[in-house]
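Following: one structure in structure tokens, then a few remarks.
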Amino acid sequence: MLIGDVARHSGVSTRMLRHYDAIGLVQPTGRTVGGYREYSADDVRRVFHVESLRSLGLSLKQIGRALEDPAFTPSALVGELIQWTEDRLAREQELLERLRVIDASAPTGWQDVLHVVALMRELASASPARRQQAVLTRPEGVPVPAELLVGAILAESDPHVAGALRWALARAGGEGLAALAAVAHSENVDIRRRAVLAIAAMPAGPEASAVLADALGDPDPMVRGHAALALGGQGVAAAWPTLVGMVVEGRNDVDAAEALGTLSKTPECGARIATALADELAAPTADSKTRIRLTQALFELEGTTAREILRRLVHDPDGAVVLVASALVGVLDGRTDDGQEQELP
């Protein structure tokens, strides 16, 4: 079979076949009377073997060894090819994500593209200070793609940089909420925590509140706590059981007590919260420190129920609780009916 026929049957160009011949990879075993290359059936079969190995990513040098050296085992080489392919796919995936971010930013010119690329480069810096500065010093009027911020938030471990990223995302309005909601049930607890914190920092709205309300059932106490603090500040009554639990456990108890105070502005909700705090005070497992936190939380509540419970604590068997309750009742007695402090003589 002449070289042109081999090219048509194999799909390998005549130029490549000549190259195979020149390097000794596939050399035709015959020549015609006119001196043209003539490939035998075994030669053609070897061409197909070469192409099969090329499809796996082997170099021509490696293919030559594989076909000629009986001691050349494939296991180690295939392992190297797997690693190389995984690395290449990771680089390609990173490039794809960059292109998607740039596309989502709807650039009007190449200057916009360069701004986004520069920000991506800065956010990939190993220096937390540099990453934070990249977010906080963006020029006015230059939008930051929400997709880029979301990706950075979910990957950021430094609390100061993460705070700057959440601030920047909040300024983008509700953009990025869908991407954060999509990972709110991630198996990675750190990603869930970062996602809920970012949603909590965004402008309040029905969609954001729905995601946060769902997070109240998360198995991780920090995720539940972030969601409850945000919802409590918005006056969502469903958050109060989690907030009471935070006071009991001493997790962000001051912030939780303030959120309970916001919720207590609704009389019915305030009475339920006060009763729940009283039940925790009476629990046999409540130690002195826990009961002091509960007493302080009662002080944050509005309504007569909380005040009556607080006044009863002035006669509590625990001396430390008595001291705290007495001081707080004294503050209450110094207030006028409209909640303002009276002038001391």
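Labels for the structure tokens follow display order: chains A, B, ..., residues from 1 in each chain, ligands from 1.
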Close residues, Leu2 of chain A itself excluded, 8 Å, only C-alpha atoms, min 5 positions apart in chain, as a PyMOL selection string: chain A and resi 36-39
Those residues with all heavy atoms, as a tab-separated table (two decimals), in the first residue's frame please?
```
chain	number	residue	atom	x	y	z
A	36	TYR	N	8.98	4.32	-4.63
A	36	TYR	CA	8.00	4.86	-3.68
A	36	TYR	C	7.86	3.94	-2.46
A	36	TYR	O	8.03	2.71	-2.56
A	36	TYR	CB	6.63	5.01	-4.36
A	36	TYR	CG	6.61	6.06	-5.44
A	36	TYR	CD1	6.59	5.69	-6.78
A	36	TYR	CD2	6.60	7.41	-5.11
A	36	TYR	CE1	6.59	6.64	-7.79
A	36	TYR	CE2	6.59	8.38	-6.12
A	36	TYR	CZ	6.59	7.99	-7.44
A	36	TYR	OH	6.58	8.94	-8.43
A	37	ARG	N	7.53	4.56	-1.30
A	37	ARG	CA	7.32	3.79	-0.08
A	37	ARG	C	6.13	2.84	-0.26
A	37	ARG	O	5.08	3.25	-0.75
A	37	ARG	CB	7.05	4.72	1.11
A	37	ARG	CG	8.21	5.64	1.49
A	37	ARG	CD	7.77	6.61	2.57
A	37	ARG	NE	8.84	7.48	3.02
A	37	ARG	CZ	9.18	8.63	2.42
A	37	ARG	NH1	8.52	9.01	1.33
A	37	ARG	NH2	10.17	9.35	2.89
A	38	GLU	N	6.32	1.62	0.24
A	38	GLU	CA	5.23	0.64	0.15
A	38	GLU	C	5.06	0.00	1.53
A	38	GLU	O	5.99	-0.60	2.08
A	38	GLU	CB	5.53	-0.42	-0.90
A	38	GLU	CG	4.34	-1.33	-1.16
A	38	GLU	CD	4.54	-2.22	-2.38
A	38	GLU	OE1	5.70	-2.54	-2.68
A	38	GLU	OE2	3.54	-2.57	-3.01
A	39	TYR	N	3.87	0.18	2.08
A	39	TYR	CA	3.58	-0.28	3.44
A	39	TYR	C	2.92	-1.65	3.39
A	39	TYR	O	1.98	-1.90	2.62
A	39	TYR	CB	2.63	0.69	4.15
A	39	TYR	CG	3.26	2.03	4.50
A	39	TYR	CD1	3.42	3.02	3.54
A	39	TYR	CD2	3.70	2.28	5.79
A	39	TYR	CE1	3.99	4.24	3.86
A	39	TYR	CE2	4.27	3.51	6.13
A	39	TYR	CZ	4.42	4.48	5.15
A	39	TYR	OH	4.98	5.69	5.47
```
Residues within 8 Å of segment 204-215 of chain A, only C-alpha atoms, excluding chain neighbours under 6 positions, as a VMD selection string: chain A and resid 177 181 184 196 223 to 224 227 to 228 230 to 231 234 238 to 239
Pairwise distance for atom CA of Lys61 of chain A and atom CA of Gly35 of chain A, rounded to one decimal in Å: 27.9 Å
Do you have, as a Markdown table, the list of residues of segment 159-218 of chain A lying at most 6 Å from segment 128-152 of chain A, each with its nearest atom pair and that distance in Å to one decimal, counting only C-alpha atoms and ordered by chain then number?
```
| residue | atom | partner | partner_atom | distance |
| --- | --- | --- | --- | --- |
| A:Val161 | CA | A:Gln132 | CA | 4.8 |
| A:Glu175 | CA | A:Ala146 | CA | 5.9 |
| A:Gly176 | CA | A:Ala146 | CA | 5.2 |
```
Test item: residues at most 9 Å from segment 250-262 of chain A, only C-alpha atoms, excluding those fewer than 4 positions along its chain, as a VMD selection string: chain A and resid 222 225 228 to 235 239 to 240 242 to 246 266 270 273 289 to 290 293 to 294 296 to 302
Residue list (helix (DSSP H, G or I), DSSP) for segment 26-260 of chain A, as a VMD selection string: chain A and resid 41 to 54 60 to 68 74 to 104 110 to 123 128 to 136 146 to 155 159 to 171 177 to 182 189 to 201 206 to 215 221 to 233 237 to 249 253 to 260
Atom CA of Glu86 of chain A to atom CA of Thr73 of chain A, straight-line distance in Å: 21.3 Å
